[in-house]
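K.L.:
Take a look at this one; I'll ask things after.
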Amino acid sequence: MSTIARSSALALLAGGVLAATRPAGAQAAPAPVRIGTMSLDPFGETYFGVDQGIYHSNGIDAQLSTLPNGSTIVQSVLGGDLDVGLANIVTVAAAVAKNIPLVMIAPAALYSAKHSYSRLCVAKNAPFKTAKDLEGSIIAVSTLNDFNQLGVAAWLEHNGVAVSKVKFVELKFPEMGAALQRGTVQAATIAEPTLSTAVSSGQARLFADVYGVIAPEFANIVWFTSKSWLQKNP
């Protein structure tokens with residue numbers, strides 16, 4: 001259930017994101033760029049770019065750091081430990097709205113209801129059938145107050161459930177399947193590749209495509225950097 005096909009990701013990366021940074025002339029050595037990413041399907045451009053040599057051929061020595069969530073990537077970029085990063089659009093937009101000096105560079109991934117890579121899940125044997133059944137539940141998201149939580153909140157409201165009737169907690173994706181199985185949480189938004197593992201192992205079952213309530217298709221992961229880094233590296 002990939003967000004986009006590998007070939008499409010490579011084409012977007014080669015023709016889109018890097019086109020803006022392609023050097024005018026040959027360089028003696030690729031310029032080092034420290035990139036923050038996550039080991040999830042919608043962050044695949046970072047890994048494809050390294051594997052296929054796309055960064056290198058465009059004059060960039062891509063140095064990847066795999067981090068647990070978008071908030072950590074944002075903090076690392078702001079702290080100067082990373083140059084650029086990928087995060088969901090709500091995390092970056094919320095920072096910009098608070099006058100934090102970040103700049104979106106380009107879209108990185110496209111959500112499509114036809115090929116959803118993230119689902120709201122419940123335990124395999126849970127009795128839940130509708131959104132109403134989740135009233136009073138604890139729902140796990142990868143980062144509080146980010147796009148995952150927003151998606152669940154929108155889905156609950158769309159189905160007549162007040163967000164105040166559930167509690168959100170933060171868990172890493174690999175921990176969610178076991179938490180569902182134990183009953184520590186009653187629902188969790190899990191993304192690929194962890195999603196397939198949780199379902200195939202019997203820890204979870206698919207319950208709802210919450211992102212589809214927002215729109216059938218939209219850019220949800222973006223490349224971003226700090227204003228100061230962009231000014232020094234136009």
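Labeling convention for the structure tokens: chains A, B, ... as they appear, residues from 1 per chain, ligands from 1 in order of appearance.
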Sort by chain and increasing residue number a table of all residues of segment 25-144 of chain A within 6 Å of segment 166-179 of chain A, each with its closest pair of atoms and their distance in Å to one decimal, counting only C-alpha atoms, and write it as CSV.
P.N.:
```
residue,atom,partner,partner_atom,distance
A:Glu135,CA,A:Val166,CA,5.8
A:Gly136,CA,A:Val166,CA,5.0
A:Ser137,CA,A:Val166,CA,5.2
A:Ile138,CA,A:Lys167,CA,4.8
A:Ile139,CA,A:Phe168,CA,4.9
A:Ala140,CA,A:Val169,CA,4.9
A:Val141,CA,A:Glu170,CA,5.2
A:Ser142,CA,A:Leu171,CA,5.2
A:Thr143,CA,A:Glu170,CA,5.4
A:Leu144,CA,A:Glu170,CA,5.8
```
K.L.:
Using all heavy atoms, can you write the selected residues to a file as a compact mmCIF listing (two decimals), in the first residue's frame?
P.N.:
```txt
# COMPACT_ATOMS: atom_id res chain seq x y z
N GLU A 135 -16.09 6.07 21.48
CA GLU A 135 -16.27 7.07 22.53
C GLU A 135 -15.71 6.54 23.84
O GLU A 135 -15.97 5.40 24.23
CB GLU A 135 -17.75 7.42 22.68
CG GLU A 135 -18.30 8.23 21.52
CD GLU A 135 -19.74 8.69 21.76
OE1 GLU A 135 -20.35 8.24 22.75
OE2 GLU A 135 -20.24 9.50 20.96
N GLY A 136 -14.90 7.36 24.51
CA GLY A 136 -14.26 6.95 25.76
C GLY A 136 -12.96 6.20 25.56
O GLY A 136 -12.33 5.77 26.53
N SER A 137 -12.53 6.06 24.31
CA SER A 137 -11.32 5.29 24.01
C SER A 137 -10.05 6.13 24.10
O SER A 137 -10.09 7.36 24.06
CB SER A 137 -11.42 4.70 22.60
OG SER A 137 -12.47 3.76 22.51
N ILE A 138 -8.94 5.41 24.19
CA ILE A 138 -7.61 6.02 24.07
C ILE A 138 -7.09 5.71 22.67
O ILE A 138 -7.07 4.55 22.26
CB ILE A 138 -6.64 5.47 25.13
CG1 ILE A 138 -7.16 5.76 26.54
CG2 ILE A 138 -5.24 6.06 24.94
CD1 ILE A 138 -6.33 5.12 27.64
N ILE A 139 -6.71 6.74 21.93
CA ILE A 139 -6.26 6.59 20.54
C ILE A 139 -4.81 7.03 20.43
O ILE A 139 -4.45 8.14 20.84
CB ILE A 139 -7.14 7.40 19.58
CG1 ILE A 139 -8.60 6.94 19.69
CG2 ILE A 139 -6.64 7.26 18.14
CD1 ILE A 139 -9.56 7.75 18.83
N ALA A 140 -3.97 6.17 19.87
CA ALA A 140 -2.54 6.47 19.72
C ALA A 140 -2.25 7.13 18.38
O ALA A 140 -2.78 6.72 17.34
CB ALA A 140 -1.72 5.19 19.85
N VAL A 141 -1.40 8.17 18.40
CA VAL A 141 -0.89 8.82 17.20
C VAL A 141 0.63 8.96 17.36
O VAL A 141 1.15 8.90 18.48
CB VAL A 141 -1.53 10.21 17.00
CG1 VAL A 141 -3.01 10.08 16.68
CG2 VAL A 141 -1.33 11.11 18.21
N SER A 142 1.34 9.11 16.26
CA SER A 142 2.80 9.15 16.33
C SER A 142 3.31 10.41 17.01
O SER A 142 4.36 10.39 17.67
CB SER A 142 3.40 9.04 14.93
OG SER A 142 2.97 10.11 14.11
N THR A 143 2.61 11.51 16.84
CA THR A 143 2.98 12.78 17.48
C THR A 143 1.70 13.53 17.83
O THR A 143 0.82 13.67 16.98
CB THR A 143 3.83 13.66 16.54
OG1 THR A 143 4.96 12.92 16.07
CG2 THR A 143 4.32 14.91 17.26
N LEU A 144 1.60 13.99 19.03
CA LEU A 144 0.41 14.74 19.43
C LEU A 144 0.31 16.06 18.68
O LEU A 144 1.31 16.71 18.40
CB LEU A 144 0.45 15.01 20.94
CG LEU A 144 0.29 13.79 21.86
CD1 LEU A 144 0.50 14.19 23.31
CD2 LEU A 144 -1.10 13.16 21.68
```
K.L.:
Write out as a CSV table (one decimal) with all heavy atoms, in the first residue's frame all residues of segment 38-214 of chain A that backbone DSSP assigns to strand (DSSP E or B).
P.N.:
```
chain,number,residue,atom,x,y,z
A,60,ILE,N,24.9,17.0,-4.7
A,60,ILE,CA,24.6,16.9,-3.3
A,60,ILE,C,25.1,15.6,-2.7
A,60,ILE,O,24.8,14.5,-3.2
A,60,ILE,CB,23.0,17.0,-3.1
A,60,ILE,CG1,22.5,18.4,-3.6
A,60,ILE,CG2,22.6,16.8,-1.7
A,60,ILE,CD1,21.0,18.5,-3.5
A,61,ASP,N,25.8,15.8,-1.6
A,61,ASP,CA,26.2,14.6,-0.7
A,61,ASP,C,25.1,14.5,0.4
A,61,ASP,O,25.2,15.2,1.4
A,61,ASP,CB,27.6,14.9,-0.1
A,61,ASP,CG,28.0,13.8,0.9
A,61,ASP,OD1,27.3,12.7,0.9
A,61,ASP,OD2,28.9,14.1,1.7
A,62,ALA,N,24.1,13.7,0.1
A,62,ALA,CA,23.0,13.6,1.1
A,62,ALA,C,23.3,12.7,2.2
A,62,ALA,O,23.7,11.6,2.1
A,62,ALA,CB,21.7,13.0,0.3
A,63,GLN,N,23.3,13.3,3.4
A,63,GLN,CA,23.6,12.6,4.7
A,63,GLN,C,22.3,12.5,5.5
A,63,GLN,O,21.8,13.4,6.1
A,63,GLN,CB,24.6,13.4,5.4
A,63,GLN,CG,25.9,13.6,4.7
A,63,GLN,CD,26.9,14.5,5.4
A,63,GLN,OE1,26.7,15.0,6.5
A,63,GLN,NE2,28.1,14.8,4.7
A,64,LEU,N,21.7,11.2,5.4
A,64,LEU,CA,20.4,11.0,6.0
A,64,LEU,C,20.5,10.7,7.5
A,64,LEU,O,21.4,9.9,7.9
A,64,LEU,CB,19.7,9.9,5.3
A,64,LEU,CG,19.5,10.0,3.8
A,64,LEU,CD1,18.6,8.8,3.3
A,64,LEU,CD2,18.9,11.3,3.4
A,65,SER,N,19.5,11.2,8.2
A,65,SER,CA,19.3,10.9,9.6
A,65,SER,C,17.9,10.4,9.8
A,65,SER,O,17.0,11.2,9.5
A,65,SER,CB,19.6,12.1,10.6
A,65,SER,OG,21.0,12.4,10.6
A,66,THR,N,17.7,9.2,10.2
A,66,THR,CA,16.3,8.7,10.4
A,66,THR,C,15.9,8.9,11.8
A,66,THR,O,16.5,8.4,12.8
A,66,THR,CB,16.3,7.2,10.1
A,66,THR,OG1,16.7,7.0,8.7
A,66,THR,CG2,14.9,6.6,10.2
A,84,VAL,N,18.0,20.3,6.1
A,84,VAL,CA,16.6,20.2,5.6
A,84,VAL,C,16.0,18.9,6.2
A,84,VAL,O,16.6,18.0,6.7
A,84,VAL,CB,16.6,20.2,4.1
A,84,VAL,CG1,17.2,21.4,3.5
A,84,VAL,CG2,17.2,18.9,3.5
A,85,GLY,N,14.6,18.9,6.1
A,85,GLY,CA,13.9,17.7,6.6
A,85,GLY,C,12.6,17.5,5.9
A,85,GLY,O,12.2,18.4,5.1
A,86,LEU,N,12.0,16.4,6.2
A,86,LEU,CA,10.6,16.1,5.7
A,86,LEU,C,9.7,16.0,7.0
A,86,LEU,O,10.1,15.4,8.0
A,86,LEU,CB,10.6,14.8,4.9
A,86,LEU,CG,11.0,14.9,3.5
A,86,LEU,CD1,12.6,14.9,3.4
A,86,LEU,CD2,10.6,13.6,2.7
A,87,ALA,N,8.5,16.5,6.9
A,87,ALA,CA,7.5,16.4,8.0
A,87,ALA,C,6.2,16.6,7.4
A,87,ALA,O,6.0,17.0,6.3
A,87,ALA,CB,7.8,17.4,9.1
A,88,ASN,N,5.1,16.2,8.1
A,88,ASN,CA,3.8,16.4,7.6
A,88,ASN,C,3.5,17.9,7.6
A,88,ASN,O,4.0,18.6,8.4
A,88,ASN,CB,2.7,15.6,8.4
A,88,ASN,CG,2.5,16.1,9.8
A,88,ASN,OD1,1.9,17.2,9.9
A,88,ASN,ND2,2.8,15.3,10.8
A,102,LEU,N,10.7,28.7,9.6
A,102,LEU,CA,10.8,27.6,8.7
A,102,LEU,C,10.2,28.0,7.4
A,102,LEU,O,9.3,28.8,7.3
A,102,LEU,CB,10.0,26.4,9.3
A,102,LEU,CG,10.6,25.7,10.6
A,102,LEU,CD1,9.7,24.5,10.9
A,102,LEU,CD2,12.0,25.3,10.4
A,103,VAL,N,10.7,27.3,6.3
A,103,VAL,CA,10.2,27.5,5.0
A,103,VAL,C,9.9,26.2,4.3
A,103,VAL,O,10.8,25.3,4.3
A,103,VAL,CB,11.2,28.3,4.1
A,103,VAL,CG1,10.7,28.5,2.7
A,103,VAL,CG2,11.6,29.6,4.8
A,104,MET,N,8.7,26.0,3.7
A,104,MET,CA,8.5,24.8,2.9
A,104,MET,C,9.1,24.9,1.6
A,104,MET,O,9.1,26.0,1.0
A,104,MET,CB,7.0,24.6,2.8
A,104,MET,CG,6.2,24.4,4.0
A,104,MET,SD,4.5,24.0,3.7
A,104,MET,CE,3.8,24.2,5.4
A,105,ILE,N,9.8,23.8,1.2
A,105,ILE,CA,10.5,23.9,-0.1
A,105,ILE,C,9.7,23.3,-1.2
A,105,ILE,O,9.6,23.8,-2.3
A,105,ILE,CB,11.9,23.1,0.0
A,105,ILE,CG1,12.7,23.7,1.1
A,105,ILE,CG2,12.6,23.1,-1.3
A,105,ILE,CD1,14.0,22.9,1.5
A,106,ALA,N,9.1,22.1,-1.0
A,106,ALA,CA,8.4,21.4,-2.0
A,106,ALA,C,7.6,20.2,-1.4
A,106,ALA,O,7.9,19.8,-0.3
A,106,ALA,CB,9.4,20.8,-3.1
A,107,PRO,N,6.6,19.8,-2.1
A,107,PRO,CA,5.9,18.6,-1.6
A,107,PRO,C,6.8,17.3,-1.7
A,107,PRO,O,7.6,17.3,-2.6
A,107,PRO,CB,4.7,18.4,-2.6
A,107,PRO,CG,4.7,19.6,-3.5
A,107,PRO,CD,6.0,20.3,-3.4
A,108,ALA,N,6.6,16.4,-0.8
A,108,ALA,CA,7.4,15.2,-0.8
A,108,ALA,C,6.6,13.9,-1.0
A,108,ALA,O,7.0,12.9,-1.5
A,108,ALA,CB,8.1,15.0,0.5
A,109,ALA,N,5.3,14.0,-0.6
A,109,ALA,CA,4.4,12.8,-0.8
A,109,ALA,C,3.0,13.2,-1.0
A,109,ALA,O,2.5,14.3,-0.5
A,109,ALA,CB,4.5,11.9,0.4
A,110,LEU,N,2.3,12.4,-1.7
A,110,LEU,CA,0.9,12.7,-2.0
A,110,LEU,C,0.0,11.6,-1.4
A,110,LEU,O,0.2,10.4,-1.7
A,110,LEU,CB,0.7,12.7,-3.5
A,110,LEU,CG,-0.8,13.0,-4.0
A,110,LEU,CD1,-1.1,14.5,-3.8
A,110,LEU,CD2,-0.9,12.6,-5.5
A,111,TYR,N,-0.9,12.0,-0.5
A,111,TYR,CA,-1.9,11.0,0.0
A,111,TYR,C,-3.0,10.8,-1.1
A,111,TYR,O,-3.4,11.7,-1.7
A,111,TYR,CB,-2.6,11.5,1.3
A,111,TYR,CG,-3.8,10.7,1.6
A,111,TYR,CD1,-3.8,9.5,2.2
A,111,TYR,CD2,-5.1,11.2,1.2
A,111,TYR,CE1,-4.9,8.7,2.4
A,111,TYR,CE2,-6.2,10.5,1.4
A,111,TYR,CZ,-6.1,9.2,2.0
A,111,TYR,OH,-7.3,8.5,2.2
A,112,SER,N,-3.3,9.5,-1.3
A,112,SER,CA,-4.4,9.2,-2.2
A,112,SER,C,-5.3,8.1,-1.6
A,112,SER,O,-4.8,7.1,-1.1
A,112,SER,CB,-3.9,8.7,-3.5
A,112,SER,OG,-5.0,8.2,-4.4
A,118,SER,N,-1.8,4.8,5.4
A,118,SER,CA,-2.0,5.0,6.8
A,118,SER,C,-3.5,4.7,7.1
A,118,SER,O,-4.4,5.2,6.4
A,118,SER,CB,-1.6,6.4,7.2
A,118,SER,OG,-1.9,6.6,8.6
A,119,ARG,N,-3.7,4.0,8.2
A,119,ARG,CA,-5.1,3.6,8.6
A,119,ARG,C,-5.3,3.7,10.1
A,119,ARG,O,-4.4,3.5,10.8
A,119,ARG,CB,-5.5,2.2,8.1
A,119,ARG,CG,-5.5,2.0,6.6
A,119,ARG,CD,-6.7,2.7,5.9
A,119,ARG,NE,-6.8,2.4,4.5
A,119,ARG,CZ,-7.5,1.5,4.0
A,119,ARG,NH1,-8.2,0.7,4.8
A,119,ARG,NH2,-7.5,1.3,2.7
A,120,LEU,N,-6.5,4.0,10.5
A,120,LEU,CA,-6.9,3.9,11.9
A,120,LEU,C,-7.1,2.4,12.1
A,120,LEU,O,-7.9,1.8,11.4
A,120,LEU,CB,-8.1,4.7,12.2
A,120,LEU,CG,-8.6,4.7,13.7
A,120,LEU,CD1,-7.5,5.4,14.5
A,120,LEU,CD2,-9.9,5.4,13.8
A,121,CYS,N,-6.5,1.8,13.1
A,121,CYS,CA,-6.6,0.4,13.4
A,121,CYS,C,-7.1,0.2,14.8
A,121,CYS,O,-7.0,1.0,15.7
A,121,CYS,CB,-5.2,-0.3,13.2
A,121,CYS,SG,-4.6,-0.2,11.6
A,122,VAL,N,-7.7,-1.0,15.0
A,122,VAL,CA,-8.1,-1.5,16.3
A,122,VAL,C,-7.5,-2.9,16.5
A,122,VAL,O,-7.0,-3.5,15.5
A,122,VAL,CB,-9.6,-1.5,16.5
A,122,VAL,CG1,-10.2,-0.1,16.4
A,122,VAL,CG2,-10.3,-2.4,15.4
A,123,ALA,N,-7.6,-3.4,17.7
A,123,ALA,CA,-7.1,-4.8,17.9
A,123,ALA,C,-7.9,-5.8,17.0
A,123,ALA,O,-9.1,-5.5,16.7
A,123,ALA,CB,-7.3,-5.2,19.4
A,138,ILE,N,-8.9,5.4,24.2
A,138,ILE,CA,-7.6,6.0,24.1
A,138,ILE,C,-7.1,5.7,22.7
A,138,ILE,O,-7.1,4.6,22.3
A,138,ILE,CB,-6.6,5.5,25.1
A,138,ILE,CG1,-7.2,5.8,26.5
A,138,ILE,CG2,-5.2,6.1,24.9
A,138,ILE,CD1,-6.3,5.1,27.6
A,139,ILE,N,-6.7,6.7,21.9
A,139,ILE,CA,-6.3,6.6,20.5
A,139,ILE,C,-4.8,7.0,20.4
A,139,ILE,O,-4.4,8.1,20.8
A,139,ILE,CB,-7.1,7.4,19.6
A,139,ILE,CG1,-8.6,6.9,19.7
A,139,ILE,CG2,-6.6,7.3,18.1
A,139,ILE,CD1,-9.6,7.8,18.8
A,140,ALA,N,-4.0,6.2,19.9
A,140,ALA,CA,-2.5,6.5,19.7
A,140,ALA,C,-2.2,7.1,18.4
A,140,ALA,O,-2.8,6.7,17.3
A,140,ALA,CB,-1.7,5.2,19.8
A,141,VAL,N,-1.4,8.2,18.4
A,141,VAL,CA,-0.9,8.8,17.2
A,141,VAL,C,0.6,9.0,17.4
A,141,VAL,O,1.1,8.9,18.5
A,141,VAL,CB,-1.5,10.2,17.0
A,141,VAL,CG1,-3.0,10.1,16.7
A,141,VAL,CG2,-1.3,11.1,18.2
A,167,LYS,N,-9.3,10.2,24.1
A,167,LYS,CA,-8.1,10.7,24.6
A,167,LYS,C,-7.0,10.3,23.6
A,167,LYS,O,-6.9,9.1,23.3
A,167,LYS,CB,-7.8,10.2,26.0
A,167,LYS,CG,-6.4,10.6,26.6
A,167,LYS,CD,-6.2,10.0,27.9
A,167,LYS,CE,-4.8,10.4,28.5
A,167,LYS,NZ,-4.5,9.8,29.8
A,168,PHE,N,-6.1,11.2,23.3
A,168,PHE,CA,-5.0,10.9,22.4
A,168,PHE,C,-3.7,10.8,23.2
A,168,PHE,O,-3.4,11.5,24.1
A,168,PHE,CB,-4.8,12.1,21.3
A,168,PHE,CG,-5.9,12.1,20.3
A,168,PHE,CD1,-6.9,13.0,20.4
A,168,PHE,CD2,-5.9,11.2,19.2
A,168,PHE,CE1,-7.9,13.1,19.4
A,168,PHE,CE2,-6.9,11.3,18.2
A,168,PHE,CZ,-7.9,12.2,18.4
A,169,VAL,N,-2.9,9.8,22.8
A,169,VAL,CA,-1.6,9.6,23.4
A,169,VAL,C,-0.6,9.4,22.3
A,169,VAL,O,-0.9,9.0,21.2
A,169,VAL,CB,-1.6,8.3,24.4
A,169,VAL,CG1,-2.5,8.5,25.5
A,169,VAL,CG2,-1.9,7.0,23.6
A,170,GLU,N,0.7,9.6,22.6
A,170,GLU,CA,1.7,9.5,21.6
A,170,GLU,C,2.5,8.2,21.8
A,170,GLU,O,2.9,7.8,22.8
A,170,GLU,CB,2.7,10.7,21.8
A,170,GLU,CG,3.8,10.8,20.8
A,170,GLU,CD,4.6,12.1,20.9
A,170,GLU,OE1,4.0,13.2,20.9
A,170,GLU,OE2,5.8,12.0,21.1
A,187,ALA,N,-7.4,2.2,19.8
A,187,ALA,CA,-7.3,2.5,18.4
A,187,ALA,C,-5.9,3.2,18.2
A,187,ALA,O,-5.4,3.8,19.1
A,187,ALA,CB,-8.4,3.4,17.9
A,188,ALA,N,-5.4,3.1,16.9
A,188,ALA,CA,-4.1,3.8,16.6
A,188,ALA,C,-4.1,4.0,15.1
A,188,ALA,O,-4.5,3.2,14.3
A,188,ALA,CB,-3.0,2.9,17.1
A,189,THR,N,-3.5,5.2,14.8
A,189,THR,CA,-3.2,5.5,13.4
A,189,THR,C,-1.8,5.0,13.0
A,189,THR,O,-0.8,5.5,13.5
A,189,THR,CB,-3.3,7.0,13.1
A,189,THR,OG1,-4.6,7.5,13.4
A,189,THR,CG2,-3.0,7.3,11.7
A,190,ILE,N,-1.8,3.9,12.2
A,190,ILE,CA,-0.5,3.3,11.9
A,190,ILE,C,-0.2,3.5,10.4
A,190,ILE,O,-1.1,3.3,9.5
A,190,ILE,CB,-0.5,1.8,12.2
A,190,ILE,CG1,-1.1,1.5,13.6
A,190,ILE,CG2,0.8,1.2,12.1
A,190,ILE,CD1,-1.2,0.1,14.0
A,191,ALA,N,1.1,3.8,10.1
A,191,ALA,CA,1.5,4.0,8.7
A,191,ALA,C,2.4,2.8,8.2
A,191,ALA,O,3.0,2.1,9.1
A,191,ALA,CB,2.3,5.3,8.6
A,204,ALA,N,-3.5,-6.2,14.8
A,204,ALA,CA,-4.4,-5.1,14.5
A,204,ALA,C,-5.2,-5.5,13.3
A,204,ALA,O,-4.9,-6.4,12.5
A,204,ALA,CB,-3.6,-3.9,14.2
A,205,ARG,N,-6.4,-4.8,13.1
A,205,ARG,CA,-7.2,-4.9,11.9
A,205,ARG,C,-7.5,-3.5,11.4
A,205,ARG,O,-7.6,-2.5,12.2
A,205,ARG,CB,-8.4,-5.7,12.1
A,205,ARG,CG,-9.5,-5.2,13.0
A,205,ARG,CD,-10.7,-6.1,13.0
A,205,ARG,NE,-11.6,-5.7,14.1
A,205,ARG,CZ,-12.6,-4.8,14.1
A,205,ARG,NH1,-12.8,-4.1,12.9
A,205,ARG,NH2,-13.4,-4.6,15.1
A,206,LEU,N,-7.6,-3.3,10.1
A,206,LEU,CA,-8.0,-2.0,9.6
A,206,LEU,C,-9.4,-1.6,10.0
A,206,LEU,O,-10.3,-2.4,10.0
A,206,LEU,CB,-7.9,-2.1,8.0
A,206,LEU,CG,-6.6,-2.6,7.4
A,206,LEU,CD1,-6.7,-2.6,5.9
A,206,LEU,CD2,-5.4,-1.7,7.9
A,207,PHE,N,-9.5,-0.3,10.4
A,207,PHE,CA,-10.8,0.1,10.9
A,207,PHE,C,-11.3,1.3,10.0
A,207,PHE,O,-12.5,1.3,9.7
A,207,PHE,CB,-10.7,0.6,12.3
A,207,PHE,CG,-12.0,0.8,13.0
A,207,PHE,CD1,-12.8,-0.2,13.3
A,207,PHE,CD2,-12.4,2.1,13.4
A,207,PHE,CE1,-14.0,0.0,14.0
A,207,PHE,CE2,-13.6,2.3,14.1
A,207,PHE,CZ,-14.4,1.3,14.3
A,208,ALA,N,-10.5,2.3,9.7
A,208,ALA,CA,-11.0,3.4,8.9
A,208,ALA,C,-9.8,4.1,8.2
A,208,ALA,O,-8.7,4.2,8.7
A,208,ALA,CB,-11.7,4.4,9.8
```
K.L.:
Just the residues within 10 Å of Asp81 of chain A, please, counting only C-alpha atoms, with nothing from its chain fewer than 2 positions along; format it as a list in words.
P.N.:
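Counting only the stated atoms, we get Arg34, Ile35, Gly36, Ser65, Ile73, Gln75, Ser76, Val77, Leu78, Gly79, Asp83 and Val84 of chain A.
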K.L.:
So the first atom is atom CA of Thr91 of chain A and the second is atom CA of Ala198 of chain A; what is the distance between them in Å, to one decimal place?
P.N.:
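Going from atom CA of Thr91 of chain A over to atom CA of Ala198 of chain A covers 25.5 Å.
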K.L.:
What is the distance between atom CA of Pro216 of chain A and atom CA of Leu180 of chain A, in Å to one decimal?
P.N.:
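According to the coordinates, atom CA of Pro216 of chain A and atom CA of Leu180 of chain A are separated by 27.2 Å.
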K.L.:
Taking only chain A into account, list the residues labelled helix (DSSP H, G or I) by DSSP (computed from the backbone), as a PyMOL selection string.
P.N.:
chain A and resi 6-17+19-21+41-51+54-57+70-78+89-97+113-115+131-134+147-158+163-165+173-182+194-200+210-213+227-232
K.L.:
Find the distance between atom CA of Val96 of chain A and atom CA of Pro32 of chain A and write it in Å to one decimal.
P.N.:
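Straight-line distance from atom CA of Val96 of chain A to atom CA of Pro32 of chain A works out to 25.9 Å.
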K.L.:
Between A:Val210, A:Ala113, A:Ala154, A:Leu134, single out the one closest to Val185 of chain A, counting only C-alpha atoms.
P.N.:
A:Leu134
